[in-house]
$ cat my_file-v9.cif   # mmCIF, C-alpha atoms
data_coords
loop_
_atom_site.label_atom_id
_atom_site.label_comp_id
_atom_site.auth_asym_id
_atom_site.auth_seq_id
_atom_site.Cartn_x
_atom_site.Cartn_y
_atom_site.Cartn_z
CA MET A 1 -46.43 -24.29 25.81
CA GLY A 2 -43.24 -22.30 25.37
CA ILE A 3 -42.46 -19.89 22.54
CA GLY A 4 -40.20 -22.37 20.75
CA GLY A 5 -42.78 -25.16 21.00
CA ALA A 6 -45.51 -22.90 19.61
CA LEU A 7 -43.34 -21.88 16.66
CA ALA A 8 -42.28 -25.48 15.97
CA GLU A 9 -45.91 -26.66 16.07
CA ALA A 10 -47.02 -23.86 13.73
CA ARG A 11 -44.18 -24.66 11.34
CA SER A 12 -45.15 -28.32 11.31
CA GLU A 13 -48.81 -27.49 10.64
CA ALA A 14 -47.72 -25.19 7.79
CA GLY A 15 -45.74 -28.07 6.25
CA LEU A 16 -42.42 -26.14 6.31
CA THR A 17 -38.95 -27.37 7.14
CA VAL A 18 -36.40 -25.39 9.15
CA ASP A 19 -34.38 -24.74 5.99
CA GLN A 20 -37.46 -23.37 4.21
CA VAL A 21 -38.18 -21.01 7.10
CA SER A 22 -34.50 -19.96 7.07
CA GLU A 23 -34.67 -19.19 3.35
CA ARG A 24 -37.80 -17.07 3.73
CA THR A 25 -36.71 -15.20 6.86
CA ARG A 26 -32.95 -15.01 6.14
CA ILE A 27 -32.38 -16.32 9.67
CA ARG A 28 -29.80 -19.08 10.08
CA ALA A 29 -31.19 -22.58 10.44
CA THR A 30 -29.07 -23.11 13.57
CA ILE A 31 -30.68 -20.04 15.18
CA ILE A 32 -34.20 -21.24 14.25
CA ARG A 33 -33.53 -24.67 15.79
CA ALA A 34 -32.18 -23.00 18.95
CA ILE A 35 -35.29 -20.78 19.25
CA GLU A 36 -37.54 -23.81 18.86
CA ARG A 37 -35.67 -25.21 21.90
CA ASP A 38 -36.25 -21.87 23.71
CA ASP A 39 -32.49 -21.17 23.55
CA TYR A 40 -32.00 -17.47 22.78
CA ASP A 41 -28.28 -17.09 23.59
CA VAL A 42 -27.39 -17.42 19.88
CA CYS A 43 -29.60 -14.44 18.96
CA GLY A 44 -27.16 -11.85 20.24
CA GLY A 45 -29.55 -10.05 22.62
CA ASP A 46 -33.23 -9.37 23.34
CA PHE A 47 -33.59 -6.98 20.39
CA TYR A 48 -32.60 -9.64 17.84
CA ALA A 49 -34.52 -12.38 19.66
CA ARG A 50 -37.77 -10.41 19.35
CA GLY A 51 -37.09 -9.75 15.66
CA HIS A 52 -36.41 -13.44 14.99
CA ILE A 53 -39.56 -14.52 16.83
CA ARG A 54 -41.68 -12.03 14.89
CA ALA A 55 -40.19 -13.02 11.51
CA ILE A 56 -40.57 -16.78 12.12
CA ALA A 57 -44.13 -16.38 13.39
CA ARG A 58 -45.21 -14.50 10.27
CA VAL A 59 -43.73 -17.13 7.97
CA VAL A 60 -45.30 -20.10 9.77
CA GLY A 61 -48.67 -18.32 10.00
CA THR A 62 -49.09 -17.59 13.70
CA ASP A 63 -49.68 -14.36 15.62
CA PRO A 64 -46.34 -12.94 16.88
CA VAL A 65 -47.87 -10.52 19.44
CA PRO A 66 -48.59 -13.01 22.26
CA LEU A 67 -45.24 -14.69 21.65
CA ILE A 68 -43.40 -11.34 22.00
CA GLU A 69 -45.36 -10.58 25.16
CA GLN A 70 -44.48 -14.01 26.55
CA TYR A 71 -40.79 -13.40 25.75
CA ASP A 72 -40.84 -9.95 27.40
CA SER A 73 -42.47 -11.29 30.55
CA ALA A 74 -39.79 -13.97 30.83
CA HIS A 75 -36.66 -12.06 29.75
CA SER A 76 -37.17 -8.29 30.02
CA PRO A 77 -36.50 -6.57 33.38
CA PRO A 78 -39.24 -4.19 34.65
CA PRO A 79 -38.69 -0.54 33.71
CA PRO A 80 -37.34 1.74 36.46
CA PRO A 81 -39.72 4.19 38.18
CA ASP A 82 -40.20 7.72 36.93
CA GLY A 83 -37.57 10.23 38.00
CA PRO A 84 -38.27 13.56 39.72
CA SER A 85 -38.64 15.34 36.37
CA GLY A 86 -41.28 12.88 35.13
CA HIS A 87 -38.95 11.28 32.59
CA ARG A 88 -37.91 7.65 32.87
CA ALA A 89 -34.21 7.05 33.41
CA ALA A 90 -32.38 5.82 30.33
CA GLY A 91 -31.27 2.21 30.43
CA PRO A 92 -30.93 -0.99 28.41
CA TRP A 93 -34.75 -1.50 28.59
CA LEU A 94 -35.46 1.69 26.68
CA HIS A 95 -35.56 -0.04 23.28
CA THR A 96 -38.63 -2.02 24.40
CA LEU A 97 -40.62 1.24 24.34
CA GLU A 98 -39.68 1.89 20.74
CA ARG A 99 -41.14 0.15 17.71
CA GLU A 100 -38.81 -2.63 16.63
CA PRO A 101 -37.83 -2.62 12.93
CA GLU A 102 -38.84 -5.29 10.46
CA ARG A 103 -36.64 -8.36 10.17
CA GLY A 104 -33.34 -7.87 8.41
CA SER A 105 -33.21 -4.15 9.24
CA PRO A 106 -30.17 -2.83 11.16
CA GLU A 107 -30.60 -1.72 14.72
CA PRO A 108 -31.82 1.90 14.93
CA SER A 109 -29.43 4.57 16.09
CA ASP A 110 -30.00 5.74 19.66
CA GLY A 111 -28.49 9.15 18.90
CA ALA A 112 -31.28 10.44 16.61
CA ASP A 113 -34.06 9.09 18.87
CA SER A 114 -32.46 10.63 21.96
CA THR A 115 -32.20 13.99 20.23
CA ALA A 116 -35.84 13.87 19.17
CA ARG A 117 -36.98 12.95 22.69
CA LEU A 118 -34.96 15.78 24.19
CA ALA A 119 -36.48 18.24 21.72
CA ALA A 120 -39.98 17.01 22.54
CA ASN A 121 -39.39 17.49 26.28
CA GLY A 122 -38.09 20.99 25.91
CA HIS A 123 -34.46 20.11 26.59
CA GLY A 124 -33.26 19.73 23.01
CA ARG A 125 -33.13 23.43 21.99
CA SER A 126 -29.77 24.40 20.59
CA GLY A 127 -27.73 26.52 23.00
CA TRP A 128 -29.91 25.93 26.10
CA LEU A 129 -29.27 23.89 29.22
CA PRO A 130 -31.76 22.61 31.86
CA GLY A 131 -33.09 25.44 33.98
CA GLY A 132 -33.37 27.96 31.12
CA ILE A 133 -29.65 28.86 31.14
CA SER A 134 -28.06 29.26 27.76
CA ALA A 135 -24.78 27.51 26.97
CA ALA A 136 -23.12 30.89 26.39
CA GLU A 137 -24.22 32.10 29.85
CA ALA A 138 -23.15 28.88 31.54
CA PHE A 139 -19.61 29.10 30.20
CA ARG A 140 -19.20 32.93 30.33
CA PRO A 141 -16.11 33.88 32.41
CA ALA A 142 -16.74 35.61 35.71
CA MET A 143 -14.26 38.38 34.85
CA PRO A 144 -13.79 40.08 31.47
CA LEU A 145 -10.91 38.64 29.48
CA GLN A 146 -10.09 41.92 27.69
CA LEU A 147 -9.12 45.03 29.61
CA GLN A 148 -11.01 48.11 28.58
CA GLY A 149 -9.35 51.35 27.71
CA THR A 150 -5.98 49.85 26.82
CA ARG A 151 -3.97 52.05 24.46
CA ARG A 152 -1.58 50.69 21.87
CA LEU A 153 0.82 53.63 21.87
CA PRO A 154 2.75 52.63 25.04
CA VAL A 155 3.22 49.11 23.68
CA ARG A 156 4.75 50.44 20.47
CA ARG A 157 7.09 52.70 22.42
CA ALA A 158 8.21 49.80 24.59
CA ALA A 159 8.88 47.66 21.49
CA LEU A 160 10.91 50.46 19.90
CA ALA A 161 12.96 50.80 23.08
CA LEU A 162 13.74 47.09 23.06
CA VAL A 163 14.93 47.29 19.45
CA VAL A 164 17.26 50.22 20.31
CA LEU A 165 18.70 48.34 23.28
CA ALA A 166 19.33 45.29 21.08
CA VAL A 167 21.22 47.41 18.51
CA ILE A 168 23.34 49.01 21.24
CA ALA A 169 24.17 45.59 22.70
CA GLY A 170 25.20 44.32 19.26
CA VAL A 171 27.53 47.25 18.62
CA ALA A 172 29.12 46.81 22.06
CA TYR A 173 29.74 43.13 21.33
CA LEU A 174 31.42 43.91 17.98
CA LEU A 175 33.66 46.48 19.59
CA ALA A 176 34.68 44.05 22.32
CA ALA A 177 35.42 41.31 19.73
CA GLY A 178 37.82 43.45 17.72
CA GLY A 179 35.77 46.07 15.98
CA THR A 180 34.78 44.07 12.89
CA ALA A 181 32.35 41.31 12.24
CA PRO A 182 33.74 38.03 10.92
CA SER A 183 33.51 37.87 7.13
CA PRO A 184 31.60 35.01 5.48
CA ALA A 185 34.85 33.84 3.81
CA ARG A 186 36.50 33.28 7.22
CA SER A 187 33.62 31.25 8.55
CA ARG A 188 33.60 28.82 5.64
CA HIS A 189 35.75 25.71 5.31
CA HIS A 190 38.37 25.86 2.56
CA PRO A 191 37.49 23.35 -0.19
CA GLN A 192 41.04 21.91 -0.30
CA ALA A 193 41.22 21.55 3.45
CA SER A 194 37.89 19.78 3.45
CA SER A 195 39.06 17.41 0.74
CA ALA A 196 42.24 16.62 2.66
CA HIS A 197 40.20 15.90 5.76
CA HIS A 198 38.04 13.33 3.97
CA SER A 199 41.04 11.67 2.36
CA THR A 200 42.30 10.56 5.78
CA ALA A 201 39.30 8.20 6.27
CA PRO A 202 40.07 4.49 5.80
CA ARG A 203 39.31 3.27 2.34
CA ASN A 204 38.13 -0.19 3.36
CA SER A 205 35.36 0.88 5.80
CA PRO A 206 32.68 -1.77 6.43
CA THR A 207 29.33 -1.26 4.63
CA THR A 208 25.86 -2.61 5.49
CA ALA A 209 24.38 -4.96 2.91
CA PRO A 210 21.02 -3.72 1.56
CA SER A 211 17.92 -5.61 2.65
CA PRO A 212 16.32 -7.78 -0.02
CA ALA A 213 13.40 -6.18 -1.81
CA PRO A 214 9.93 -7.56 -1.01
CA THR A 215 8.50 -9.88 -3.66
CA PRO A 216 5.15 -11.66 -4.10
CA LEU A 217 5.01 -14.78 -1.92
CA PRO A 218 3.04 -17.95 -2.67
CA VAL A 219 0.26 -18.93 -0.27
CA ALA A 220 0.16 -22.64 0.54
CA SER A 221 -3.52 -22.76 1.56
CA ALA A 222 -6.49 -20.72 2.76
CA VAL A 223 -9.20 -21.86 5.21
CA ALA A 224 -12.20 -20.18 6.82
CA PHE A 225 -11.53 -19.27 10.45
CA GLY A 226 -13.85 -18.60 13.40
CA PRO A 227 -13.36 -17.65 17.06
CA ALA A 228 -12.53 -21.28 17.92
CA GLY A 229 -10.48 -21.93 14.78
CA PRO A 230 -11.25 -23.52 11.39
CA SER A 231 -14.10 -25.57 12.89
CA GLN A 232 -16.22 -22.41 13.15
CA GLY A 233 -15.27 -20.76 9.84
CA ASP A 234 -17.90 -19.32 7.49
CA ASN A 235 -18.39 -21.05 4.11
CA PRO A 236 -15.24 -23.22 4.38
CA SER A 237 -15.67 -24.68 0.88
CA LEU A 238 -15.24 -21.22 -0.68
CA ALA A 239 -11.99 -20.30 1.12
CA PRO A 240 -9.62 -21.45 -1.70
CA LEU A 241 -11.33 -19.01 -4.10
CA ALA A 242 -9.66 -16.11 -2.27
CA ILE A 243 -6.18 -17.19 -3.46
CA ASP A 244 -6.97 -18.56 -6.94
CA GLY A 245 -5.76 -15.35 -8.62
CA SER A 246 -9.17 -14.59 -10.14
CA ASP A 247 -11.07 -11.37 -9.46
CA SER A 248 -14.38 -13.02 -10.37
CA THR A 249 -14.46 -15.67 -7.61
CA ALA A 250 -14.56 -14.94 -3.90
CA TRP A 251 -14.79 -16.33 -0.40
CA GLN A 252 -17.65 -14.76 1.53
CA THR A 253 -18.69 -14.72 5.15
CA ASP A 254 -22.10 -15.83 6.31
CA TRP A 255 -24.70 -13.05 6.40
CA TYR A 256 -25.49 -11.52 9.79
CA ALA A 257 -28.41 -9.42 10.99
CA ALA A 258 -26.05 -6.82 12.53
CA ALA A 259 -22.73 -5.35 11.43
CA THR A 260 -21.19 -6.53 14.70
CA LEU A 261 -21.87 -10.20 13.74
CA ASN A 262 -24.74 -10.49 16.27
CA GLY A 263 -22.23 -10.30 19.13
CA GLN A 264 -19.78 -12.86 17.71
CA GLN A 265 -16.10 -12.03 18.27
CA GLY A 266 -15.30 -12.08 14.56
CA THR A 267 -14.86 -14.21 11.44
CA GLY A 268 -12.03 -14.45 8.96
CA LEU A 269 -9.75 -16.16 6.46
CA LEU A 270 -6.52 -17.91 7.55
CA LEU A 271 -3.58 -18.04 5.11
CA ASP A 272 -0.85 -20.65 5.59
CA MET A 273 2.42 -19.50 3.99
CA GLY A 274 3.95 -23.00 4.40
CA THR A 275 6.97 -21.60 6.24
CA SER A 276 7.93 -18.52 8.24
CA VAL A 277 8.23 -15.39 6.09
CA THR A 278 8.82 -11.71 6.74
CA LEU A 279 5.65 -9.86 5.84
CA SER A 280 5.88 -6.56 3.97
CA SER A 281 2.28 -5.96 2.90
CA ILE A 282 -0.94 -7.74 1.99
CA GLN A 283 -3.27 -6.59 -0.77
CA VAL A 284 -6.92 -7.64 -0.56
CA LEU A 285 -9.69 -7.16 -3.12
CA LEU A 286 -12.93 -6.77 -1.14
CA GLY A 287 -16.52 -6.27 -2.19
CA PRO A 288 -17.52 -2.85 -3.56
CA ALA A 289 -19.63 -1.82 -0.55
CA PRO A 290 -17.41 -0.14 2.08
CA GLY A 291 -17.94 -0.73 5.76
CA GLY A 292 -16.92 -2.75 8.78
CA THR A 293 -13.50 -3.30 10.29
CA VAL A 294 -10.79 -5.78 9.26
CA GLN A 295 -7.64 -6.69 11.17
CA LEU A 296 -4.41 -8.21 9.91
CA ARG A 297 -3.11 -10.76 12.40
CA ALA A 298 0.06 -12.87 12.13
CA GLY A 299 1.79 -15.59 14.12
CA ASN A 300 3.39 -19.03 14.01
CA THR A 301 0.44 -20.88 15.59
CA PRO A 302 -3.02 -21.00 13.96
CA ALA A 303 -4.88 -19.79 17.06
CA LEU A 304 -6.53 -16.39 17.52
CA ALA A 305 -4.73 -15.70 20.82
CA SER A 306 -1.35 -16.51 19.21
CA MET A 307 -1.78 -14.10 16.29
CA PRO A 308 -1.58 -10.45 17.46
CA VAL A 309 -2.96 -7.56 15.40
CA VAL A 310 -0.24 -6.01 13.19
CA ALA A 311 -2.45 -3.74 11.03
CA GLN A 312 -6.07 -2.65 10.87
CA ALA A 313 -8.46 -0.79 8.53
CA SER A 314 -11.87 0.73 9.18
CA ASN A 315 -14.58 1.14 6.55
CA PRO A 316 -12.63 -0.79 3.88
CA GLY A 317 -13.92 -1.48 0.38
CA GLY A 318 -12.47 -2.39 -3.01
CA THR A 319 -8.70 -2.77 -3.10
CA LEU A 320 -7.16 -2.61 0.39
CA THR A 321 -3.45 -2.70 1.31
CA LEU A 322 -2.53 -3.68 4.88
CA GLN A 323 1.07 -3.04 5.94
CA PRO A 324 2.58 -3.82 9.38
CA GLY A 325 4.27 -0.90 11.12
CA THR A 326 7.39 -3.01 11.79
CA PRO A 327 8.70 -6.18 10.09
CA VAL A 328 6.74 -9.25 11.15
CA THR A 329 7.97 -12.83 10.75
CA ALA A 330 5.22 -15.42 10.78
CA ARG A 331 3.88 -18.50 9.03
CA TYR A 332 0.16 -17.82 9.44
CA VAL A 333 -1.65 -14.67 8.28
CA LEU A 334 -5.26 -14.00 9.34
CA LEU A 335 -7.74 -11.55 7.79
CA TRP A 336 -10.09 -11.05 10.73
CA PHE A 337 -13.39 -9.15 10.34
CA THR A 338 -14.72 -7.71 13.60
CA ALA A 339 -17.48 -5.76 11.80
CA LEU A 340 -19.05 -6.35 8.38
CA PRO A 341 -20.23 -4.07 5.52
CA PRO A 342 -23.89 -4.03 4.41
CA ASP A 343 -25.10 -6.19 1.53
CA ASN A 344 -27.98 -5.77 -0.93
CA ALA A 345 -30.41 -7.78 1.21
CA GLY A 346 -30.38 -5.46 4.22
CA THR A 347 -28.02 -7.71 6.17
CA TYR A 348 -24.22 -7.68 6.59
CA GLN A 349 -21.62 -9.79 4.77
CA ALA A 350 -17.99 -9.48 3.60
CA TYR A 351 -16.50 -10.70 0.29
CA VAL A 352 -12.80 -11.45 -0.34
CA TYR A 353 -12.13 -11.86 -4.06
CA ASN A 354 -8.35 -12.09 -4.07
CA VAL A 355 -5.44 -11.93 -1.60
CA SER A 356 -1.76 -11.39 -2.46
CA VAL A 357 1.10 -11.37 0.07
CA SER A 358 4.43 -9.54 -0.39
CA GLY A 359 7.57 -10.02 1.70
CA THR A 360 10.79 -11.98 1.93
CA THR A 361 11.55 -15.58 2.80
#
$ encode --input "my_file-v9.cif" --output "structure tokens"
Amino acid sequence: MGIGGALAEARSEAGLTVDQVSERTRIRATIIRAIERDDYDVCGGDFYARGHIRAIARVVGTDPVPLIEQYDSAHSPPPPPDGPSGHRAAGPWLHTLEREPERGSPEPSDGADSTARLAANGHGRSGWLPGGISAAEAFRPAMPLQLQGTRRLPVRRAALALVVLAVIAGVAYLLAAGGTAPSPARSRHHPQASSAHHSTAPRNSPTTAPSPAPTPLPVASAVAFGPAGPSQGDNPSLAPLAIDGSDSTAWQTDWYAAATLNGQQGTGLLLDMGTSVTLSSIQVLLGPAPGGTVQLRAGNTPALASMPVVAQASNPGGTLTLQPGTPVTARYVLLWFTALPPDNAGTYQAYVYNVSVSGTT
């Protein structure tokens, strides 16, 4: 029996539905159904697949260890052989040697683990390189950069000589020009002459009309938007709450196990202005927890490929203002999250409480 069949049978014996398992594990019901069909493409990688299998197994009351071993034997490539130094080469399989975190926890950082492993192997000491050579010795120049025994006195004499030559050259120039330097009064324009010069300009010169000042623009509608359009948007029924003018109601994305949306391209909120407008800025009230990345996209067709990025913000939180670098004329405006901030449950989710658009029609 496959992994998915074993989990489905254990869930049935425990008297649990897929939605009940989803509520207890905080794993989407669609992902649980896919795993029960032995479809792991929706998990976003082997790391998340193992975590989902372990979490589901614990809830339905079965041992996750043989299921994880069965998954590894079917999906994980064999580790490469030991290198000459006795250390295994780093690769994508390395995380299988480490203890996987509990469900809902973010993926551990490779940087800290790599540093600790280097220190344990004798290669992580600050200032030292393999072979016992210090970093200072490795980058020391072959020749000294500072000449020894250099005296400052000749330099000062040379500088003084240059100053004297410059003075002599200046005096010679003044003598050749007439013996006197031009006075400041001669080099200035006479006020009356300047006034007469300006009076000759035509009085009826053309002037450029000032551009209209940006004003708040009404938003016709707001819909949740996914990589394939509104059909894949998160929480579509909540989308109108982002433009209701209230700071107490919000549209929110689905929660994800990783900040990078488990490998999904992104998720967002599409604003329809009703007609083409010139965008000046967009102000967004986000959740209080900073994090993630949000893009401002705009275009005249409600398709991701037809709406280029015109502004972007990293690690946003609270009140955020997005402003295009150049004027942009478009009907559709898309707030597109490519990474999400953390929430209180150990997962990742974005909140949009209010959106206001400024520009000209």
$ resolve_selection --input "my_file-v9.cif" --expression "the PyMOL selection byres ((chain A and resi 14-27) around 7)" --output "number ranges by chain"
A: 10-13, 28-29, 31-32, 55-56, 59-60
$ resolve_selection --input "my_file-v9.cif" --expression "the PyMOL selection byres ((chain A and resi 274) around 9)" --output "compact mmCIF listing (two decimals) with C-alpha atoms, in the frame of the given file"
# COMPACT_ATOMS: atom_id res chain seq x y z
CA PRO A 218 3.04 -17.95 -2.67
CA VAL A 219 0.26 -18.93 -0.27
CA ALA A 220 0.16 -22.64 0.54
CA SER A 221 -3.52 -22.76 1.56
CA ASP A 272 -0.85 -20.65 5.59
CA MET A 273 2.42 -19.50 3.99
CA THR A 275 6.97 -21.60 6.24
CA SER A 276 7.93 -18.52 8.24
CA VAL A 277 8.23 -15.39 6.09
CA ARG A 331 3.88 -18.50 9.03
CA TYR A 332 0.16 -17.82 9.44
$ resolve_selection --input "my_file-v9.cif" --expression "the PyMOL selection byres ((chain A and resi 345) around 10)" --output "mmCIF file with C-alpha atoms, in the coordinates of the input"
data_model
loop_
_atom_site.group_PDB
_atom_site.id
_atom_site.type_symbol
_atom_site.label_atom_id
_atom_site.label_comp_id
_atom_site.auth_asym_id
_atom_site.auth_seq_id
_atom_site.Cartn_x
_atom_site.Cartn_y
_atom_site.Cartn_z
ATOM 1 C CA ARG A 26 -32.950 -15.010 6.140
ATOM 2 C CA GLY A 104 -33.340 -7.870 8.410
ATOM 3 C CA SER A 105 -33.210 -4.150 9.240
ATOM 4 C CA TRP A 255 -24.700 -13.050 6.400
ATOM 5 C CA PRO A 342 -23.890 -4.030 4.410
ATOM 6 C CA ASP A 343 -25.100 -6.190 1.530
ATOM 7 C CA ASN A 344 -27.980 -5.770 -0.930
ATOM 8 C CA GLY A 346 -30.380 -5.460 4.220
ATOM 9 C CA THR A 347 -28.020 -7.710 6.170
ATOM 10 C CA TYR A 348 -24.220 -7.680 6.590
ATOM 11 C CA GLN A 349 -21.620 -9.790 4.770
#
$ atom_distance --input "my_file-v9.cif" --atom1 "CA of Thr360 in chain A" --atom2 "CA of Thr321 in chain A"
17.0 Å
$ atom_distance --input "my_file-v9.cif" --atom1 "CA of Gly292 in chain A" --atom2 "CA of Thr329 in chain A"
26.9 Å
$ closest_residue --input "my_file-v9.cif" --among "A:Phe47, A:Tyr40, A:Tyr351, A:Tyr71" --to "Thr249 in chain A" --atoms "all atoms listed in the file"
A:Tyr351
$ residues_around --input "my_file-v9.cif" --residues "Asn235 in chain A" --least-positions-apart "4" --cutoff "8 Å" --atoms "only C-alpha atoms" --output "compact mmCIF listing (two decimals) with C-alpha atoms, keeping the file's coordinate frame"
# COMPACT_ATOMS: atom_id res chain seq x y z
CA ALA A 224 -12.20 -20.18 6.82
CA ALA A 239 -11.99 -20.30 1.12
CA TRP A 251 -14.79 -16.33 -0.40
CA GLN A 252 -17.65 -14.76 1.53
CA THR A 253 -18.69 -14.72 5.15
CA ASP A 254 -22.10 -15.83 6.31
$ residues_around --input "my_file-v9.cif" --residues "Ala213 in chain A" --least-positions-apart "4" --cutoff "10 Å" --atoms "all atoms listed in the file" --output "PDB file with C-alpha atoms, keeping the file's coordinate frame"
ATOM      1  CA  SER A 280       5.880  -6.560   3.970  1.00  0.00           C
ATOM      2  CA  SER A 358       4.430  -9.540  -0.390  1.00  0.00           C
ATOM      3  CA  GLY A 359       7.570 -10.020   1.700  1.00  0.00           C
ATOM      4  CA  THR A 360      10.790 -11.980   1.930  1.00  0.00           C
TER       5      THR A 360
END
$ residues_around --input "my_file-v9.cif" --residues "Asn262 in chain A" --least-positions-apart "3" --cutoff "10 Å" --atoms "all atoms listed in the file" --output "ChimeraX atom specification"
/A:42-45,48,256-259,265-266,339
$ closest_residue --input "my_file-v9.cif" --among "A:Val355, A:Thr278, A:His75, A:Gly287" --to "Asp41 in chain A" --atoms "all atoms listed in the file"
A:His75
$ atom_distance --input "my_file-v9.cif" --atom1 "CA of Val310 in chain A" --atom2 "CA of Pro230 in chain A"
20.8 Å
